[in-house]
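Here is structure-v1.pdb, consisting of PDB, C-alpha atoms and all ligand atoms:
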ATOM      1  CA  MET A1103      14.152  -7.114 -13.423
ATOM      2  CA  LYS A1104      17.199  -5.963 -11.463
ATOM      3  CA  GLY A1105      15.542  -3.869  -8.745
ATOM      4  CA  VAL A1106      13.553  -4.798  -5.661
ATOM      5  CA  PHE A1107       9.901  -3.900  -5.252
ATOM      6  CA  ILE A1108       8.749  -3.280  -1.675
ATOM      7  CA  THR A1109       5.190  -2.384  -0.741
ATOM      8  CA  PHE A1110       3.662  -1.202   2.532
ATOM      9  CA  GLU A1111       0.068  -2.015   3.385
ATOM     10  CA  GLY A1112      -2.251  -1.451   6.320
ATOM     11  CA  VAL A1113      -5.439   0.223   7.502
ATOM     12  CA  GLU A1114      -5.726   3.968   8.060
ATOM     13  CA  GLY A1115      -3.425   5.173  10.814
ATOM     14  CA  SER A1116      -1.235   2.061  10.721
ATOM     15  CA  GLY A1117       1.909   4.206  10.481
ATOM     16  CA  LYS A1118       3.003   3.310   6.932
ATOM     17  CA  SER A1119       4.132   6.756   5.862
ATOM     18  CA  SER A1120       6.320   7.352   8.949
ATOM     19  CA  GLN A1121       7.952   3.933   8.528
ATOM     20  CA  ILE A1122       8.556   4.508   4.823
ATOM     21  CA  LYS A1123      10.328   7.807   5.641
ATOM     22  CA  LEU A1124      12.521   6.072   8.235
ATOM     23  CA  LEU A1125      13.369   3.228   5.843
ATOM     24  CA  GLU A1126      14.183   5.651   3.041
ATOM     25  CA  GLN A1127      16.510   7.570   5.354
ATOM     26  CA  TYR A1128      18.179   4.340   6.519
ATOM     27  CA  LEU A1129      18.763   3.078   2.955
ATOM     28  CA  HIS A1130      20.072   6.478   1.933
ATOM     29  CA  GLU A1131      22.584   6.394   4.808
ATOM     30  CA  GLN A1132      23.719   2.951   3.601
ATOM     31  CA  GLY A1133      24.335   4.419   0.139
ATOM     32  CA  ILE A1134      21.488   2.362  -1.361
ATOM     33  CA  ASP A1135      19.539   4.021  -4.132
ATOM     34  CA  CYS A1136      15.792   3.887  -3.563
ATOM     35  CA  PHE A1137      12.723   5.408  -5.110
ATOM     36  CA  VAL A1138       9.730   6.136  -2.892
ATOM     37  CA  THR A1139       6.232   6.542  -4.245
ATOM     38  CA  ARG A1140       2.587   6.017  -3.214
ATOM     39  CA  GLU A1141      -0.804   4.901  -4.456
ATOM     40  CA  PRO A1142      -3.138   6.158  -5.605
ATOM     41  CA  GLY A1143      -0.724   8.596  -7.187
ATOM     42  CA  GLY A1144       2.669   9.016  -8.816
ATOM     43  CA  PRO A1145       2.831  10.576 -12.293
ATOM     44  CA  PRO A1146       0.457  13.451 -13.163
ATOM     45  CA  ILE A1147      -2.262  11.253 -14.736
ATOM     46  CA  SER A1148      -2.345   9.050 -11.621
ATOM     47  CA  GLU A1149      -2.396  12.085  -9.310
ATOM     48  CA  ALA A1150      -5.370  13.489 -11.246
ATOM     49  CA  ILE A1151      -7.205  10.184 -10.723
ATOM     50  CA  ARG A1152      -6.249  10.280  -7.001
ATOM     51  CA  LYS A1153      -8.117  13.575  -6.627
ATOM     52  CA  LEU A1154     -11.287  12.025  -8.104
ATOM     53  CA  LEU A1155     -11.007   8.987  -5.835
ATOM     54  CA  LEU A1156     -10.470  10.772  -2.550
ATOM     55  CA  ASP A1157     -12.800  13.726  -3.083
ATOM     56  CA  VAL A1158     -15.513  13.601  -0.401
ATOM     57  CA  ASN A1159     -17.909  15.223  -2.875
ATOM     58  CA  ASN A1160     -17.850  12.062  -5.006
ATOM     59  CA  ALA A1161     -20.074  10.157  -2.585
ATOM     60  CA  GLU A1162     -22.148   8.761  -5.495
ATOM     61  CA  MET A1163     -19.167   6.805  -6.900
ATOM     62  CA  VAL A1164     -20.106   3.133  -7.298
ATOM     63  CA  ALA A1165     -17.716   0.349  -6.281
ATOM     64  CA  GLU A1166     -17.005  -0.683  -9.897
ATOM     65  CA  THR A1167     -15.961   2.852 -10.872
ATOM     66  CA  GLU A1168     -13.832   3.064  -7.752
ATOM     67  CA  LEU A1169     -11.968  -0.154  -8.595
ATOM     68  CA  LEU A1170     -11.406   0.832 -12.230
ATOM     69  CA  LEU A1171     -10.072   4.241 -11.233
ATOM     70  CA  TYR A1172      -7.615   2.732  -8.728
ATOM     71  CA  LEU A1173      -6.496   0.364 -11.467
ATOM     72  CA  ALA A1174      -6.213   3.090 -14.105
ATOM     73  CA  SER A1175      -4.088   5.116 -11.718
ATOM     74  CA  ARG A1176      -1.958   2.011 -11.003
ATOM     75  CA  ALA A1177      -1.527   1.110 -14.694
ATOM     76  CA  GLN A1178      -0.033   4.525 -15.461
ATOM     77  CA  HIS A1179       2.086   4.566 -12.302
ATOM     78  CA  THR A1180       3.458   1.075 -12.947
ATOM     79  CA  ALA A1181       4.328   1.655 -16.594
ATOM     80  CA  GLN A1182       5.636   5.198 -16.271
ATOM     81  CA  TRP A1183       7.487   5.102 -12.947
ATOM     82  CA  ILE A1184       7.737   1.742 -11.202
ATOM     83  CA  ILE A1185       8.897  -0.593 -13.981
ATOM     84  CA  PRO A1186      11.511   1.882 -15.319
ATOM     85  CA  ALA A1187      12.938   2.396 -11.799
ATOM     86  CA  LEU A1188      13.137  -1.384 -11.242
ATOM     87  CA  GLU A1189      14.832  -1.790 -14.614
ATOM     88  CA  GLN A1190      17.447   0.715 -13.445
ATOM     89  CA  GLY A1191      18.112  -1.587 -10.485
ATOM     90  CA  LYS A1192      16.521   0.641  -7.838
ATOM     91  CA  ILE A1193      14.742  -0.389  -4.688
ATOM     92  CA  VAL A1194      11.211   0.886  -5.214
ATOM     93  CA  ILE A1195       9.158   1.478  -2.064
ATOM     94  CA  CYS A1196       5.456   1.982  -2.675
ATOM     95  CA  ASP A1197       2.940   3.130  -0.049
ATOM     96  CA  ARG A1198       0.041   0.777  -0.997
ATOM     97  CA  TYR A1199      -0.251  -1.290  -4.189
ATOM     98  CA  THR A1200      -2.463  -4.106  -5.512
ATOM     99  CA  ASP A1201      -3.238  -5.570  -2.081
ATOM    100  CA  SER A1202      -5.006  -2.324  -1.187
ATOM    101  CA  SER A1203      -7.489  -3.026  -3.992
ATOM    102  CA  LEU A1204      -8.061  -6.558  -2.704
ATOM    103  CA  ALA A1205      -8.461  -5.311   0.874
ATOM    104  CA  TYR A1206     -10.593  -2.185   0.237
ATOM    105  CA  GLN A1207     -12.529  -2.963  -2.950
ATOM    106  CA  GLY A1208     -12.626  -6.725  -2.210
ATOM    107  CA  GLY A1209     -12.856  -6.978   1.595
ATOM    108  CA  GLY A1210     -14.513  -3.584   2.100
ATOM    109  CA  ARG A1211     -16.733  -3.134  -0.975
ATOM    110  CA  LYS A1212     -17.249  -6.886  -1.576
ATOM    111  CA  LEU A1213     -16.249  -6.897  -5.242
ATOM    112  CA  SER A1214     -15.148 -10.304  -6.511
ATOM    113  CA  ALA A1215     -11.516 -11.160  -5.758
ATOM    114  CA  ASN A1216     -11.305 -13.028  -9.081
ATOM    115  CA  VAL A1217     -12.351  -9.946 -11.013
ATOM    116  CA  ILE A1218      -9.920  -7.764  -9.046
ATOM    117  CA  ASN A1219      -7.050 -10.211  -9.617
ATOM    118  CA  THR A1220      -7.688 -10.514 -13.360
ATOM    119  CA  LEU A1221      -7.973  -6.766 -13.913
ATOM    120  CA  THR A1222      -4.974  -6.129 -11.655
ATOM    121  CA  SER A1223      -2.705  -8.459 -13.658
ATOM    122  CA  PHE A1224      -3.702  -6.563 -16.777
ATOM    123  CA  ALA A1225      -3.165  -3.136 -15.187
ATOM    124  CA  THR A1226       0.224  -3.990 -13.679
ATOM    125  CA  ARG A1227       1.626  -6.093 -16.526
ATOM    126  CA  ASN A1228       1.663  -8.766 -13.855
ATOM    127  CA  LEU A1229       4.193  -6.954 -11.668
ATOM    128  CA  LYS A1230       4.203  -8.276  -8.096
ATOM    129  CA  PRO A1231       5.945  -6.982  -4.991
ATOM    130  CA  ASP A1232       9.030  -8.853  -3.741
ATOM    131  CA  ILE A1233       8.238  -7.943  -0.129
ATOM    132  CA  THR A1234       5.060  -6.575   1.436
ATOM    133  CA  PHE A1235       5.183  -5.141   4.942
ATOM    134  CA  LEU A1236       1.760  -5.286   6.561
ATOM    135  CA  LEU A1237       1.589  -2.889   9.506
ATOM    136  CA  ASP A1238      -1.221  -4.569  11.335
ATOM    137  CA  VAL A1239      -3.057  -2.470  13.858
ATOM    138  CA  ASP A1240      -6.395  -2.586  15.597
ATOM    139  CA  VAL A1241      -8.805  -0.452  13.551
ATOM    140  CA  GLU A1242      -9.890   1.602  16.590
ATOM    141  CA  ILE A1243      -6.249   2.470  17.360
ATOM    142  CA  GLY A1244      -5.664   3.457  13.734
ATOM    143  CA  GLN A1245      -8.775   5.654  13.687
ATOM    144  CA  LYS A1246      -7.655   7.393  16.863
ATOM    145  CA  ARG A1247      -4.305   8.213  15.276
ATOM    146  CA  ILE A1248      -5.958   9.965  12.308
ATOM    147  CA  ARG A1249      -8.553  11.750  14.455
ATOM    148  CA  ASN A1250      -7.128  15.197  13.805
ATOM    149  CA  ARG A1251      -6.743  14.802  10.048
ATOM    150  CA  LYS A1252      -9.218  16.062   7.473
ATOM    151  CA  LEU A1253     -10.722  12.754   6.340
ATOM    152  CA  ASP A1254     -10.901  11.690   2.661
ATOM    153  CA  ARG A1255     -13.735   9.715   1.009
ATOM    154  CA  LEU A1256     -12.382   6.303   2.015
ATOM    155  CA  GLU A1257     -11.370   7.340   5.514
ATOM    156  CA  GLU A1258     -14.946   8.486   6.108
ATOM    157  CA  GLU A1259     -16.179   4.881   5.739
ATOM    158  CA  SER A1260     -17.584   3.080   8.797
ATOM    159  CA  LEU A1261     -15.580   1.277  11.456
ATOM    160  CA  ASN A1262     -17.049  -1.988  10.181
ATOM    161  CA  PHE A1263     -15.761  -1.305   6.647
ATOM    162  CA  HIS A1264     -12.244  -0.781   8.006
ATOM    163  CA  LYS A1265     -12.482  -3.921  10.146
ATOM    164  CA  GLN A1266     -13.274  -5.928   7.002
ATOM    165  CA  VAL A1267     -10.313  -4.312   5.264
ATOM    166  CA  ARG A1268      -8.045  -5.413   8.105
ATOM    167  CA  GLN A1269      -9.387  -8.985   8.020
ATOM    168  CA  GLU A1270      -8.801  -9.153   4.265
ATOM    169  CA  TYR A1271      -5.186  -8.017   4.745
ATOM    170  CA  LEU A1272      -4.649 -10.776   7.296
ATOM    171  CA  LYS A1273      -6.072 -13.335   4.849
ATOM    172  CA  LEU A1274      -3.803 -12.047   2.074
ATOM    173  CA  ALA A1275      -0.793 -12.283   4.377
ATOM    174  CA  LYS A1276      -1.622 -15.917   5.104
ATOM    175  CA  ARG A1277      -2.084 -16.697   1.421
ATOM    176  CA  HIS A1278       1.161 -15.018   0.314
ATOM    177  CA  GLN A1279       3.568 -15.943   3.073
ATOM    178  CA  ASP A1280       6.430 -15.921   0.564
ATOM    179  CA  ARG A1281       6.378 -12.124   0.369
ATOM    180  CA  TYR A1282       4.341 -10.917   3.367
ATOM    181  CA  ILE A1283       5.851  -9.717   6.615
ATOM    182  CA  ILE A1284       3.309  -8.879   9.290
ATOM    183  CA  ILE A1285       4.470  -6.290  11.785
ATOM    184  CA  ASP A1286       2.594  -5.400  14.942
ATOM    185  CA  GLY A1287       1.706  -1.772  14.235
ATOM    186  CA  SER A1288       0.982  -1.064  17.892
ATOM    187  CA  LEU A1289       4.709  -1.289  18.748
ATOM    188  CA  GLY A1290       6.786   1.871  19.055
ATOM    189  CA  MET A1291       8.050   3.679  15.933
ATOM    190  CA  LYS A1292      11.676   2.785  16.605
ATOM    191  CA  GLU A1293      10.924  -0.869  17.309
ATOM    192  CA  ILE A1294       8.927  -1.185  14.091
ATOM    193  CA  HIS A1295      11.692   0.506  12.122
ATOM    194  CA  GLU A1296      14.279  -1.895  13.524
ATOM    195  CA  LEU A1297      12.142  -4.897  12.572
ATOM    196  CA  ILE A1298      11.720  -3.572   9.040
ATOM    197  CA  VAL A1299      15.467  -2.976   8.687
ATOM    198  CA  LEU A1300      16.162  -6.500   9.950
ATOM    199  CA  HIS A1301      13.896  -8.034   7.310
ATOM    200  CA  MET A1302      15.185  -5.739   4.582
ATOM    201  CA  THR A1303      18.839  -6.493   5.226
ATOM    202  CA  SER A1304      18.289 -10.229   5.381
ATOM    203  CA  TYR A1305      16.312 -10.074   2.121
ATOM    204  CA  LEU A1306      18.990  -7.996   0.374
ATOM    205  CA  ARG A1307      21.693 -10.397   1.576
ATOM    206  CA  SER A1308      19.752 -13.362   0.199
ATOM    207  CA  LEU A1309      19.785 -11.949  -3.364
TER     208      LEU A1309
HETATM  209  P1  LIG A1401      -4.102   8.069   1.339
HETATM  210  O1  LIG A1401      -4.357   9.479   1.715
HETATM  211  O2  LIG A1401      -2.917   7.783   0.480
HETATM  212  O3  LIG A1401      -4.177   7.209   2.640
HETATM  213  P2  LIG A1401      -3.159   6.368   3.501
HETATM  214  O4  LIG A1401      -2.298   7.367   4.204
HETATM  215  O5  LIG A1401      -4.084   5.607   4.399
HETATM  216  O6  LIG A1401      -2.396   5.457   2.557
HETATM  217  O7  LIG A1401      -5.436   7.526   0.654
HETATM  218  C1  LIG A1401      -5.531   6.368  -0.009
HETATM  219  C2  LIG A1401      -6.887   5.767   0.252
HETATM  220  O8  LIG A1401      -7.262   4.942  -0.855
HETATM  221  C3  LIG A1401      -6.892   4.864   1.470
HETATM  222  O9  LIG A1401      -8.089   5.080   2.195
HETATM  223  C4  LIG A1401      -6.922   3.465   0.902
HETATM  224  C5  LIG A1401      -7.596   3.647  -0.428
HETATM  225  N1  LIG A1401      -7.187   2.695  -1.485
HETATM  226  C6  LIG A1401      -8.131   1.789  -1.985
HETATM  227  O10 LIG A1401      -9.283   1.765  -1.523
HETATM  228  N2  LIG A1401      -7.773   0.954  -2.997
HETATM  229  C7  LIG A1401      -6.520   0.967  -3.559
HETATM  230  O11 LIG A1401      -6.226   0.183  -4.483
HETATM  231  C8  LIG A1401      -5.556   1.915  -3.036
HETATM  232  C9  LIG A1401      -4.176   1.987  -3.604
HETATM  233  C10 LIG A1401      -5.945   2.753  -1.998
END
Represent the supplied structure as structure tokens.
Amino acid sequence: MKGVFITFEGVEGSGKSSQIKLLEQYLHEQGIDCFVTREPGGPPISEAIRKLLLDVNNAEMVAETELLLYLASRAQHTAQWIIPALEQGKIVICDRYTDSSLAYQGGGRKLSANVINTLTSFATRNLKPDITFLLDVDVEIGQKRIRNRKLDRLEEESLNFHKQVRQEYLKLAKRHQDRYIIIDGSLGMKEIHELIVLHMTSYLRSL
């Protein structure tokens, strides 16, 4: 595949979306073609699944259903949008991807990592990110940042759930040092952006 696949991961309020906007703007200014998307979501089928997943009225959803819906959304998104964009040589930036399932449904909901990995390979046709930026932030700080938002079904989970999600991300980052870049999410917006640009440019130069 000719393109580059970048993912952003982190707990709620880690600042992913702001950093993705800044990176998109930077790449655009450099004349580099990029395609920005998010999970759960993307094409219409995946967006319809997103609504089911985040709806606070779906409190009875069991962990297995939750995982399969995230994966169904991802399968459609990957096949319909991500792989074609990579084949066109684009830089694809995705707000959350497979590591979110390992962190939330694995670390948070305690589903088996083996099961998640096997089903994920199937759903993604084994597509893996080239770089993953983990914006690591203390869960309490993250929660404070989203205090004024209307919370979705996952955001309503307990502090302890989110702490387990964060720990799982840190474990994943250790396990996949080849693609993971951990960034201290408590730094200022500009500082974080500069670190991301530094890593991006050195990666692009190494290709
Ligand atoms: P979203 O509004 O996109 O949140 P954020 O701004 O934090 O990215 O909601 C996505 C929610 O879904 C978020 O709480 C994380 C969760 N999620 C999973 O539990 N598993 C997954 O595989 C993905 C992609 C997201």
Could you tell me which residues the PyMOL selection byres (((chain A and resi 1144-1148) around 8) and not hetatm) grabs in this file, written as a PyMOL selection string? chain A and resi 1139-1143+1149-1152+1174-1176+1178-1179+1182-1183
May I ask you to write as number ranges by chain all residues lying at most 6 Å from ligand LIG 1401 (chain A), with only C-alpha atoms and all ligand atoms counted? A: 1114, 1141-1142, 1172, 1198-1200, 1202-1203, 1206-1207, 1256-1257
Run the PyMOL selection byres (((chain A and resi 1113) around 7) and not hetatm) against the file shown and list the residues it catches, as a short mmCIF file (atom, residue, chain, number, x, y, z; two decimals) with C-alpha atoms, in the frame of the given file.
data_model
loop_
_atom_site.label_atom_id
_atom_site.label_comp_id
_atom_site.auth_asym_id
_atom_site.auth_seq_id
_atom_site.Cartn_x
_atom_site.Cartn_y
_atom_site.Cartn_z
CA GLY A 1112 -2.25 -1.45 6.32
CA GLU A 1114 -5.73 3.97 8.06
CA GLY A 1115 -3.42 5.17 10.81
CA SER A 1116 -1.24 2.06 10.72
CA VAL A 1241 -8.80 -0.45 13.55
CA HIS A 1264 -12.24 -0.78 8.01
CA ARG A 1268 -8.04 -5.41 8.10
#
So that I can see what lies close to Cys1136 in chain A, please list as a PDB file with C-alpha atoms, keeping the file's coordinate frame the residues with an atom at most 6 Å from it, counting all atoms listed in the file and leaving out residues fewer than 4 positions away in the same chain.
ATOM      1  CA  LYS A1192      16.521   0.641  -7.838  1.00  0.00           C
ATOM      2  CA  ILE A1193      14.742  -0.389  -4.688  1.00  0.00           C
ATOM      3  CA  VAL A1194      11.211   0.886  -5.214  1.00  0.00           C
TER       4      VAL A1194
END
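Taking CA of Gly1191 in chain A as the reference point, CA of His1278 in chain A is found at 24.2 Å.
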Kindly indicate which residue among A:Asn1216, A:Leu1229, A:Leu1274, A:Asp1157 lies nearest to Lys1252 in chain A, using only C-alpha atoms for the distances.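 Looking only at the distances to Lys1252 in chain A, the closest residue turns out to be A:Asp1157.
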CA of Ser1120 in chain A to CA of Ile1243 in chain A: how many Å, to one decimal?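 If I compute the distance from CA of Ser1120 in chain A to CA of Ile1243 in chain A, I get 15.9 Å.
Proximity to Glu1166 in chain A at 12 Å, evaluated using all atoms listed in the file and with sequence-adjacent residues fewer than 2 positions away removed, yields Glu1162, Met1163, Val1164, Glu1168, Leu1169, Leu1170, Leu1171, Tyr1172, Leu1173, Ser1203, Gln1207, Gly1208, Arg1211, Lys1212, Leu1213, Ser1214, Val1217, Ile1218 and Leu1221 of chain A.
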In Å, with one decimal, what is the gap from CA of Arg1227 in chain A to CA of Asn1160 in chain A? 29.0 Å
(4.9, -5.7, 1.5) in this file's frame - what residues fall within 12 Å of it? Use all atoms listed in the file and give the answer as a ChimeraX atom specification. /A:1106-1112,1118,1122,1194-1202,1230-1238,1271,1274-1275,1278-1285,1298,1301-1302
Filtering to C-alpha atoms, could you give me those residues as a PDB file, in the coordinates of the input?
ATOM      1  CA  VAL A1106      13.553  -4.798  -5.661  1.00  0.00           C
ATOM      2  CA  PHE A1107       9.901  -3.900  -5.252  1.00  0.00           C
ATOM      3  CA  ILE A1108       8.749  -3.280  -1.675  1.00  0.00           C
ATOM      4  CA  THR A1109       5.190  -2.384  -0.741  1.00  0.00           C
ATOM      5  CA  PHE A1110       3.662  -1.202   2.532  1.00  0.00           C
ATOM      6  CA  GLU A1111       0.068  -2.015   3.385  1.00  0.00           C
ATOM      7  CA  GLY A1112      -2.251  -1.451   6.320  1.00  0.00           C
ATOM      8  CA  LYS A1118       3.003   3.310   6.932  1.00  0.00           C
ATOM      9  CA  ILE A1122       8.556   4.508   4.823  1.00  0.00           C
ATOM     10  CA  VAL A1194      11.211   0.886  -5.214  1.00  0.00           C
ATOM     11  CA  ILE A1195       9.158   1.478  -2.064  1.00  0.00           C
ATOM     12  CA  CYS A1196       5.456   1.982  -2.675  1.00  0.00           C
ATOM     13  CA  ASP A1197       2.940   3.130  -0.049  1.00  0.00           C
ATOM     14  CA  ARG A1198       0.041   0.777  -0.997  1.00  0.00           C
ATOM     15  CA  TYR A1199      -0.251  -1.290  -4.189  1.00  0.00           C
ATOM     16  CA  THR A1200      -2.463  -4.106  -5.512  1.00  0.00           C
ATOM     17  CA  ASP A1201      -3.238  -5.570  -2.081  1.00  0.00           C
ATOM     18  CA  SER A1202      -5.006  -2.324  -1.187  1.00  0.00           C
ATOM     19  CA  LYS A1230       4.203  -8.276  -8.096  1.00  0.00           C
ATOM     20  CA  PRO A1231       5.945  -6.982  -4.991  1.00  0.00           C
ATOM     21  CA  ASP A1232       9.030  -8.853  -3.741  1.00  0.00           C
ATOM     22  CA  ILE A1233       8.238  -7.943  -0.129  1.00  0.00           C
ATOM     23  CA  THR A1234       5.060  -6.575   1.436  1.00  0.00           C
ATOM     24  CA  PHE A1235       5.183  -5.141   4.942  1.00  0.00           C
ATOM     25  CA  LEU A1236       1.760  -5.286   6.561  1.00  0.00           C
ATOM     26  CA  LEU A1237       1.589  -2.889   9.506  1.00  0.00           C
ATOM     27  CA  ASP A1238      -1.221  -4.569  11.335  1.00  0.00           C
ATOM     28  CA  TYR A1271      -5.186  -8.017   4.745  1.00  0.00           C
ATOM     29  CA  LEU A1274      -3.803 -12.047   2.074  1.00  0.00           C
ATOM     30  CA  ALA A1275      -0.793 -12.283   4.377  1.00  0.00           C
ATOM     31  CA  HIS A1278       1.161 -15.018   0.314  1.00  0.00           C
ATOM     32  CA  GLN A1279       3.568 -15.943   3.073  1.00  0.00           C
ATOM     33  CA  ASP A1280       6.430 -15.921   0.564  1.00  0.00           C
ATOM     34  CA  ARG A1281       6.378 -12.124   0.369  1.00  0.00           C
ATOM     35  CA  TYR A1282       4.341 -10.917   3.367  1.00  0.00           C
ATOM     36  CA  ILE A1283       5.851  -9.717   6.615  1.00  0.00           C
ATOM     37  CA  ILE A1284       3.309  -8.879   9.290  1.00  0.00           C
ATOM     38  CA  ILE A1285       4.470  -6.290  11.785  1.00  0.00           C
ATOM     39  CA  ILE A1298      11.720  -3.572   9.040  1.00  0.00           C
ATOM     40  CA  HIS A1301      13.896  -8.034   7.310  1.00  0.00           C
ATOM     41  CA  MET A1302      15.185  -5.739   4.582  1.00  0.00           C
TER      42      MET A1302
END
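Using all atoms listed in the file, the smallest distance between any of A:Gln1121, A:Asn1262, A:Ser1308, A:Gln1132 and Gly1210 in chain A comes from A:Asn1262.
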Using only C-alpha atoms, which residue out of A:Leu1297, A:Ala1205, A:Val1239, A:Leu1155 lies closest to Arg1255 in chain A? A:Leu1155
